[in-house]
Every structure is written in C-alpha cells, then in structure tokens.
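As provided, run.txt (compact mmCIF, C-alpha atoms) reads as follows.
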```
# COMPACT_ATOMS: atom_id res chain seq x y z
CA GLU A 1 6.19 17.98 17.25
CA ASP A 2 4.85 20.75 15.03
CA HIS A 3 6.23 19.57 11.69
CA VAL A 4 8.99 17.67 9.91
CA VAL A 5 11.78 19.16 7.79
CA PHE A 6 13.13 17.64 4.58
CA LYS A 7 16.11 18.69 2.51
CA SER A 8 15.47 19.45 -1.16
CA TYR A 9 17.37 17.05 -3.42
CA ARG A 10 17.80 19.95 -5.86
CA ASP A 11 19.39 22.69 -3.82
CA GLY A 12 19.49 21.49 -0.21
CA SER A 13 16.92 24.01 0.98
CA ASN A 14 14.58 23.12 3.83
CA ILE A 15 11.08 21.89 3.02
CA ILE A 16 8.63 22.03 5.93
CA LEU A 17 5.79 19.51 6.02
CA SER A 18 3.12 19.80 8.71
CA PRO A 19 -0.13 17.88 9.17
CA GLU A 20 -1.97 20.89 7.78
CA SER A 21 0.26 21.47 4.73
CA SER A 22 0.21 17.75 3.95
CA ILE A 23 -3.57 17.81 3.78
CA GLN A 24 -3.64 20.91 1.58
CA ALA A 25 -1.08 19.41 -0.80
CA GLN A 26 -3.22 16.31 -1.25
CA LYS A 27 -6.33 18.41 -1.73
CA ASP A 28 -4.59 20.49 -4.36
CA ILE A 29 -3.55 17.47 -6.45
CA GLY A 30 -7.11 16.10 -6.27
CA ALA A 31 -6.51 13.00 -4.17
CA ASP A 32 -9.61 10.79 -3.88
CA ILE A 33 -8.39 9.36 -0.57
CA ILE A 34 -6.27 11.56 1.67
CA ILE A 35 -3.86 10.01 4.16
CA PRO A 36 -2.79 12.18 7.14
CA LEU A 37 0.80 12.85 8.11
CA ASP A 38 2.05 10.14 10.46
CA GLU A 39 5.27 8.61 11.72
CA LEU A 40 6.51 5.21 10.52
CA PRO A 41 8.87 3.62 13.07
CA PRO A 42 10.84 0.42 12.27
CA HIS A 43 9.45 -2.93 13.44
CA HIS A 44 12.33 -3.44 15.90
CA ILE A 45 11.79 -0.14 17.77
CA ASP A 46 11.83 -0.06 21.58
CA ARG A 47 8.28 -0.30 22.96
CA ASP A 48 8.47 2.98 24.90
CA LEU A 49 9.57 4.79 21.75
CA LEU A 50 6.83 3.04 19.80
CA ALA A 51 4.23 4.24 22.31
CA GLU A 52 5.51 7.81 21.94
CA SER A 53 5.36 7.47 18.16
CA VAL A 54 1.76 6.24 18.26
CA GLU A 55 0.72 9.21 20.40
CA ARG A 56 2.51 11.63 18.08
CA SER A 57 0.79 10.13 15.04
CA HIS A 58 -2.55 10.45 16.82
CA ARG A 59 -1.94 14.15 17.47
CA TRP A 60 -0.88 14.74 13.87
CA GLU A 61 -3.88 12.83 12.56
CA ALA A 62 -6.29 14.85 14.69
CA ARG A 63 -4.76 18.06 13.31
CA SER A 64 -4.99 16.63 9.78
CA LEU A 65 -8.66 15.78 10.20
CA LYS A 66 -9.43 19.25 11.53
CA GLU A 67 -7.75 20.79 8.49
CA HIS A 68 -9.60 18.46 6.12
CA LEU A 69 -13.03 19.20 7.60
CA LYS A 70 -12.71 22.91 6.86
CA ASP A 71 -13.80 22.30 3.27
CA SER A 72 -14.52 18.57 3.01
CA ARG A 73 -18.00 18.99 1.47
CA LYS A 74 -16.80 21.42 -1.17
CA ARG A 75 -13.90 19.23 -2.21
CA GLN A 76 -15.70 15.86 -1.99
CA GLN A 77 -12.53 14.03 -1.02
CA ALA A 78 -12.31 11.22 1.52
CA ILE A 79 -9.81 11.02 4.37
CA PHE A 80 -8.69 7.81 6.10
CA CYS A 81 -6.95 7.61 9.46
CA VAL A 82 -3.84 5.45 9.88
CA VAL A 83 -3.90 2.88 12.68
CA HIS A 84 -0.50 2.40 14.34
CA GLY A 85 1.05 0.29 17.07
CA GLY A 86 3.33 -2.15 15.28
CA THR A 87 2.61 -5.74 16.26
CA ASP A 88 1.87 -4.74 19.87
CA VAL A 89 -1.68 -5.83 20.74
CA GLU A 90 -2.22 -3.17 23.43
CA LEU A 91 -0.95 -0.26 21.31
CA ARG A 92 -2.80 -1.36 18.17
CA THR A 93 -6.03 -1.76 20.12
CA LYS A 94 -5.55 1.64 21.75
CA SER A 95 -4.96 3.22 18.34
CA ILE A 96 -8.10 1.63 16.88
CA ASN A 97 -10.24 2.66 19.83
CA TYR A 98 -9.05 6.26 19.69
CA LEU A 99 -9.18 6.78 15.93
CA THR A 100 -12.53 5.11 15.33
CA GLU A 101 -14.15 7.67 17.62
CA LEU A 102 -13.29 10.40 15.10
CA PRO A 103 -15.28 11.09 11.89
CA TRP A 104 -12.98 9.46 9.31
CA ASP A 105 -14.28 8.14 5.99
CA GLY A 106 -12.30 4.93 6.34
CA TYR A 107 -9.57 3.18 8.30
CA ALA A 108 -6.07 2.56 6.96
CA ILE A 109 -3.82 -0.01 8.60
CA GLY A 110 -0.28 1.34 8.67
CA GLY A 111 2.89 1.57 10.66
CA SER A 112 5.12 -1.47 11.01
CA LEU A 113 3.14 -4.54 9.92
CA GLY A 114 5.60 -7.10 11.21
CA ASN A 115 8.81 -8.69 10.02
CA GLY A 116 7.49 -10.75 7.13
CA ARG A 117 4.27 -12.30 5.84
CA ASP A 118 3.71 -14.57 8.84
CA GLU A 119 3.71 -11.70 11.33
CA LEU A 120 1.41 -9.69 9.06
CA ARG A 121 -1.04 -12.59 8.88
CA GLU A 122 -0.98 -13.02 12.66
CA LEU A 123 -1.52 -9.28 13.09
CA LEU A 124 -4.56 -9.30 10.81
CA ASP A 125 -5.96 -12.41 12.54
CA TRP A 126 -6.54 -10.64 15.85
CA MET A 127 -6.84 -7.04 14.64
CA MET A 128 -9.44 -7.21 11.84
CA PRO A 129 -12.32 -8.33 14.12
CA LEU A 130 -11.87 -5.06 16.02
CA PHE A 131 -13.09 -3.19 12.92
CA ASN A 132 -16.37 -5.14 12.95
CA ILE A 133 -17.62 -3.61 16.20
CA GLY A 134 -20.64 -1.31 15.89
CA GLU A 135 -20.47 1.46 13.30
CA ARG A 136 -16.85 0.64 12.47
CA SER A 137 -18.01 -2.19 10.23
CA SER A 138 -19.64 0.24 7.77
CA LYS A 139 -16.36 1.89 6.77
CA CYS A 140 -13.62 0.79 4.40
CA ARG A 141 -10.59 -1.05 5.81
CA HIS A 142 -7.48 -0.21 3.78
CA LEU A 143 -4.07 -1.89 4.07
CA LEU A 144 -1.11 0.39 3.37
CA GLY A 145 1.92 -0.69 1.36
CA ILE A 146 1.16 -4.40 0.81
CA ALA A 147 0.62 -6.10 -2.58
CA ASP A 148 2.53 -9.36 -2.89
CA VAL A 149 0.18 -12.17 -3.95
CA GLU A 150 0.30 -14.20 -0.74
CA SER A 151 -0.30 -11.18 1.49
CA VAL A 152 -3.13 -9.94 -0.76
CA HIS A 153 -4.93 -13.26 -0.32
CA ASN A 154 -4.31 -13.24 3.43
CA ALA A 155 -5.59 -9.66 3.73
CA VAL A 156 -8.75 -10.11 1.65
CA GLU A 157 -9.66 -13.35 3.44
CA ARG A 158 -9.44 -11.47 6.76
CA GLY A 159 -11.66 -8.56 5.76
CA VAL A 160 -9.40 -5.96 4.14
CA ASP A 161 -11.37 -4.02 1.50
CA SER A 162 -8.59 -2.24 -0.38
CA MET A 163 -4.82 -1.85 -0.42
CA ASP A 164 -2.07 0.05 -2.17
CA SER A 165 1.57 -0.67 -2.92
CA SER A 166 4.39 0.08 -5.34
CA TYR A 167 5.42 -3.60 -5.15
CA PRO A 168 4.23 -4.66 -8.66
CA THR A 169 5.89 -1.70 -10.39
CA LYS A 170 9.10 -2.00 -8.35
CA LEU A 171 9.32 -5.65 -9.37
CA ALA A 172 8.81 -4.69 -12.99
CA ARG A 173 11.61 -2.13 -12.93
CA CYS A 174 13.94 -4.82 -11.54
CA GLY A 175 13.00 -7.27 -14.30
CA THR A 176 10.71 -9.47 -12.21
CA LEU A 177 7.38 -10.40 -13.77
CA MET A 178 4.30 -11.70 -11.95
CA THR A 179 2.52 -14.79 -13.29
CA LYS A 180 -0.03 -17.31 -12.05
CA ASN A 181 2.86 -19.78 -11.56
CA GLY A 182 5.02 -17.39 -9.57
CA LEU A 183 7.67 -14.79 -10.32
CA ILE A 184 9.79 -14.77 -13.49
CA ARG A 185 13.17 -13.08 -13.41
CA ILE A 186 13.38 -12.13 -17.04
CA LYS A 187 17.06 -11.12 -16.92
CA GLN A 188 18.15 -14.74 -16.42
CA GLY A 189 19.98 -16.17 -19.41
CA LYS A 190 17.55 -19.04 -19.89
CA HIS A 191 14.98 -16.58 -21.23
CA SER A 192 17.22 -15.42 -24.08
CA LYS A 193 16.07 -18.38 -26.20
CA SER A 194 12.39 -18.26 -25.17
CA HIS A 195 11.24 -17.25 -28.66
CA GLY A 196 7.46 -17.18 -29.01
CA VAL A 197 6.93 -17.86 -25.28
CA LYS A 198 4.62 -15.41 -23.52
CA ILE A 199 5.38 -14.14 -20.05
CA ASP A 200 2.17 -15.81 -18.88
CA GLU A 201 0.34 -18.05 -21.33
CA ASP A 202 -3.12 -16.93 -20.20
CA CYS A 203 -2.31 -13.20 -19.99
CA GLU A 204 -3.94 -10.84 -22.49
CA CYS A 205 -2.12 -7.66 -21.57
CA ALA A 206 -0.60 -5.48 -24.31
CA THR A 207 2.90 -6.74 -23.47
CA CYS A 208 2.04 -10.42 -23.67
CA ASN A 209 0.00 -9.96 -26.86
CA HIS A 210 2.91 -8.38 -28.73
CA TYR A 211 6.22 -9.49 -27.20
CA ASP A 212 7.78 -12.76 -26.02
CA ARG A 213 10.16 -13.53 -23.16
CA SER A 214 13.27 -13.45 -25.34
CA TYR A 215 12.51 -9.92 -26.52
CA LEU A 216 11.93 -8.71 -22.97
CA TRP A 217 15.23 -10.36 -21.99
CA HIS A 218 16.97 -8.48 -24.80
CA LEU A 219 15.43 -5.13 -23.79
CA PHE A 220 16.53 -5.46 -20.17
CA LYS A 221 20.04 -6.58 -21.13
CA ALA A 222 20.32 -3.63 -23.52
CA ASN A 223 19.10 -1.26 -20.77
CA GLU A 224 16.28 -0.06 -23.01
CA PRO A 225 13.86 2.17 -21.03
CA VAL A 226 10.89 0.60 -22.81
CA ALA A 227 11.66 -2.64 -20.95
CA LEU A 228 10.53 -1.01 -17.70
CA GLN A 229 7.30 0.17 -19.31
CA LEU A 230 6.42 -3.19 -20.86
CA ALA A 231 7.14 -5.06 -17.64
CA THR A 232 5.09 -2.55 -15.65
CA VAL A 233 2.12 -2.90 -18.03
CA HIS A 234 2.19 -6.65 -17.50
CA ASN A 235 2.48 -6.58 -13.70
CA ILE A 236 -0.32 -4.03 -13.30
CA HIS A 237 -2.54 -6.10 -15.61
CA PHE A 238 -1.75 -9.18 -13.51
CA MET A 239 -2.71 -7.37 -10.29
CA ASN A 240 -5.95 -6.05 -11.81
CA ASN A 241 -6.90 -9.58 -12.85
CA LEU A 242 -6.00 -10.93 -9.40
CA MET A 243 -8.22 -8.38 -7.65
CA SER A 244 -11.06 -9.02 -10.12
CA GLU A 245 -10.88 -12.74 -9.33
CA LEU A 246 -10.95 -12.03 -5.59
CA ARG A 247 -14.00 -9.78 -5.99
CA GLN A 248 -15.79 -12.58 -7.84
CA GLN A 249 -14.91 -15.04 -5.07
CA ILE A 250 -16.37 -12.64 -2.51
CA LEU A 251 -19.58 -12.24 -4.53
CA SER A 252 -19.92 -16.01 -4.95
CA GLY A 253 -19.42 -16.63 -1.23
CA LYS A 254 -16.09 -18.44 -1.57
CA ILE A 255 -14.37 -15.81 0.61
```

Could you write out this file's structure as structure tokens?
Amino acid sequence: EDHVVFKSYRDGSNIILSPESSIQAQKDIGADIIIPLDELPPHHIDRDLLAESVERSHRWEARSLKEHLKDSRKRQQAIFCVVHGGTDVELRTKSINYLTELPWDGYAIGGSLGNGRDELRELLDWMMPLFNIGERSSKCRHLLGIADVESVHNAVERGVDSMDSSYPTKLARCGTLMTKNGLIRIKQGKHSKSHGVKIDEDCECATCNHYDRSYLWHLFKANEPVALQLATVHNIHFMNNLMSELRQQILSGKI
C-alpha cells in the first residue's frame, strides 16, 4: 500500500517507488505533464480485484497530488490524474466522479482500455460525455498509451485532446513503417528491388527525401543500427502530419 519495489537490472538491489518519490522524480527531470503513480491491472482481472485496484490508485493519486502541490507554482508543471476502472461502467464513472473533484490540471484516461480497438471505441462512446459536465469540460482530456491510426481517429472524434504512445517508434524498430495507405513491413523480400520507391510518395521527411525502400530493406537485413533511426524519423513525421491534419479538421468544423 505504501510503495512498490523494483529490482535493479544492474545489480539486483531494491528500488523503492512511492507516490511521493514518483512525483519528485518527474519534477526533477522537468516533466511538463506529471502522471501520478497508479496500478495497471490486466483487462481480464476479476471485478472485485479491479475495484480494489481502482481504490488503491485513487489513494496513490491523492498522495501524488498533495506532493505536487507543495511547490506547483514554483515549478510551473502540470499534473493529470489517471481515470481507472477498466471497461466497467460503474467503476469508471466512480473514478471520474472522485478524481474530477480534486484540483488536477487535466484528466488522463488510463488503466485497461479494453481488449482491442472495438472495446476502446465503445468505452470512449459512453465515457467521454462524462468529461463535459460543468467545469470538467475546461480541462484537457488525455488518452494514455494509444497511437495507432484507427484509434487516434476514434479518440479525437470523441473528444480526446491529446494522447501519448510508443507505438510509432516500436513499429519502426521492428521494421514496420506507417503510410497513408497502411503499414509497410520493410523487411519483406519484395522491397529489396524497390529502387527509387519512397516509403510514402507524399512524405517529405528526411528519410523519404534521401533513401528508398530497397535501401531501408538492406539496412534492416544487415542489422544496421541506422535502420532503426531512419524508420523512427519517418514514423514520427507521419504521426505529426496526421495530428496536424486532425487539428485542421477540428478548426474547419469537420470533426
């Protein structure tokens, strides 16, 4: 209840992480948005255990907020709560009602978000309107750990303001590139002869402007570390363009 203990991958020594030390660590590295210590149960967890987990996360988050408020003005860093409850309507609603009564700078949607894109979409369908009640509507709604293209569209269309995920960079490191026509698995043999063919014909990232698919195929097959960097540059550029397009759609009233 008081803290969690990790084992150091270097020497096996115990590393203690509490709600308070988690906040101070994020303050020390200069985080713009601080996320409190919480518990992430699997989506298939027993409901009674899920309810206990939600309550524990609430207690940890309250301790985290108290620690943050000691010097929040001096530091000028924001802190978001993390709404939990899995796909359970009652527990999610209870979590929202409790956390939105506290003075957070924004609301993060975390915990188990369902078993796949369909469950996530259904979760957002009924949950997002709860953030539009009263003063809640004035604060940012942030989705944790989601960034595949379909889910990004579903989230933005339902009122999510921001999100974070390692998905684009993980894909890149595995040799999967994001394009407007879907994913390209650059390690496949068919790309070895794609001389002069860009990853995405309309992309203007540094990778696409200087290298073709066949060269990327060669780098991955040769296990060259630069392959991971070039693929990552492309995927991040793709995501930045995607979010820019969605912002323009919001401004033009299409979303």

Closest-contact table, stretch 15-64 of chain A side, partner stretch 101-114 of chain A, 12 Å, counting only C-alpha atoms, as a tab-separated table:
```
residue	atom	partner	partner_atom	distance
A:Asp32	CA	A:Asp105	CA	11.2
A:Ile33	CA	A:Asp105	CA	8.9
A:Ile34	CA	A:Asp105	CA	9.7
A:Ile35	CA	A:Ala108	CA	8.3
A:Pro36	CA	A:Ala108	CA	10.2
A:Leu37	CA	A:Gly110	CA	11.6
A:Asp38	CA	A:Gly111	CA	8.6
A:Glu39	CA	A:Gly111	CA	7.5
A:Leu40	CA	A:Gly111	CA	5.1
A:Pro41	CA	A:Ser112	CA	6.6
A:Pro42	CA	A:Ser112	CA	6.2
A:His43	CA	A:Ser112	CA	5.2
A:His44	CA	A:Ser112	CA	8.9
A:Ile45	CA	A:Ser112	CA	9.6
A:Leu50	CA	A:Ser112	CA	10.0
A:Ser53	CA	A:Gly111	CA	9.9
A:Val54	CA	A:Gly111	CA	9.0
A:Ser57	CA	A:Gly111	CA	9.8
A:His58	CA	A:Leu102	CA	10.9
A:Glu61	CA	A:Leu102	CA	10.0
A:Ala62	CA	A:Leu102	CA	8.3
A:Arg63	CA	A:Leu102	CA	11.6
A:Ser64	CA	A:Trp104	CA	10.7
```

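Rounded to one decimal, atom CA of A:Cys174 and atom CA of A:Cys208 lie 17.9 Å from each other.
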
- request: Name all residues at most 7 Å from A:Arg117 (count all atoms listed in the file; drop same-chain ones fewer than 3 positions away) and give them as a list in words.
  value: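 Near neighbours after the sequence-gap exclusion: Leu120, Arg121 and Ser151 of chain A.
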
task: Can you pull out every residue within 10 Å of A:Ala147, counting all atoms listed in the file, but drop anything in the same chain fewer than 6 positions away, and send it as an MDAnalysis selection string?
output: chainID A and resid 153 155 163:168 239

Just to be explicit: take each residue in the selection above, keep C-alpha atoms, and write the result as a short mmCIF file (atom, residue, chain, number, x, y, z; two decimals), in the coordinates of the input.
```cif
data_model
loop_
_atom_site.label_atom_id
_atom_site.label_comp_id
_atom_site.auth_asym_id
_atom_site.auth_seq_id
_atom_site.Cartn_x
_atom_site.Cartn_y
_atom_site.Cartn_z
CA HIS A 153 -4.93 -13.26 -0.32
CA ALA A 155 -5.59 -9.66 3.73
CA MET A 163 -4.82 -1.85 -0.42
CA ASP A 164 -2.07 0.05 -2.17
CA SER A 165 1.57 -0.67 -2.92
CA SER A 166 4.39 0.08 -5.34
CA TYR A 167 5.42 -3.60 -5.15
CA PRO A 168 4.23 -4.66 -8.66
CA MET A 239 -2.71 -7.37 -10.29
#
```

- request: Measuring atom to atom with all atoms listed in the file, identify which of A:Leu99, A:Ile133, A:Leu177, A:Leu251 is nearest to A:Leu230.
  value: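 Using all atoms listed in the file, A:Leu230 sits closest to A:Leu177.
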
field: Contacts of A:Asp202 within 12 Å, all atoms listed in the file, excl. fewer than 3 positions in-chain, as number ranges by chain
entry: A: 179-181, 197-199, 205, 208-209, 234, 237-238, 241

- prompt: So how many Å separate atom CA of A:Gln77 and atom CA of A:Ser21, to one decimal?
  reply: 15.9 Å

task: Name the residues in contact with A:Leu91 at a cut-off of 9 Å, using all atoms listed in the file, excluding same-chain residues fewer than 4 positions from it; report them as a list in words.
output: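 Non-adjacent residues within range: Leu50, Ala51, Val54, His84, Gly85, Gly86, Thr87, Ser95 and Ile96 of chain A.
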
query: Looking at only C-alpha atoms, which of A:Asp11, A:Asp71, A:Glu20, A:Asp46 is the one that sits closest to A:Asp88?
result: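 Looking only at the distances to A:Asp88, the closest residue turns out to be A:Asp46.
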
Atom CA of A:Ala31 to atom CA of A:Val4, straight-line distance in Å: 21.5 Å

Option closest in space to A:Gly182, from A:Asn235, A:Thr100, A:Thr207, A:Thr169 [counting all atoms listed in the file]: A:Asn235

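Comparing the minimum interatomic distances between A:Gln76 and each of A:Asp161, A:Lys27, A:Asp212, A:Leu219, counting only C-alpha atoms, we find that A:Lys27 sits nearest.
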
Residues near A:Ile16, cut-off 12 Å, only C-alpha atoms, skip fewer than 3 positions along chain, as JSON, numbers by chain: {"A": [2, 3, 4, 5, 6, 7, 8, 13, 19, 20, 21, 22]}

Once you add 5 Å to each side, what are the centre and edge lengths of the axis-aligned box holding all listed atoms of stretch 143-161 of chain A? One decimal in Å, as lines of an AutoDock Vina configuration file, if you can.
```
center_x = -4.6
center_y = -6.9
center_z = 1.4
size_x = 24.2
size_y = 24.6
size_z = 20.7
```

- prompt: Which residue gives the smallest distance to A:Gly253 among A:Val152, A:Asp200, A:Glu157, A:Leu130, with all atoms listed in the file counted?
  reply: A:Glu157

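Distances here use all atoms listed in the file; by that measure, the residue among A:Glu122, A:Arg185, A:Ile79, A:Gln249 closest to A:Cys140 is A:Ile79.
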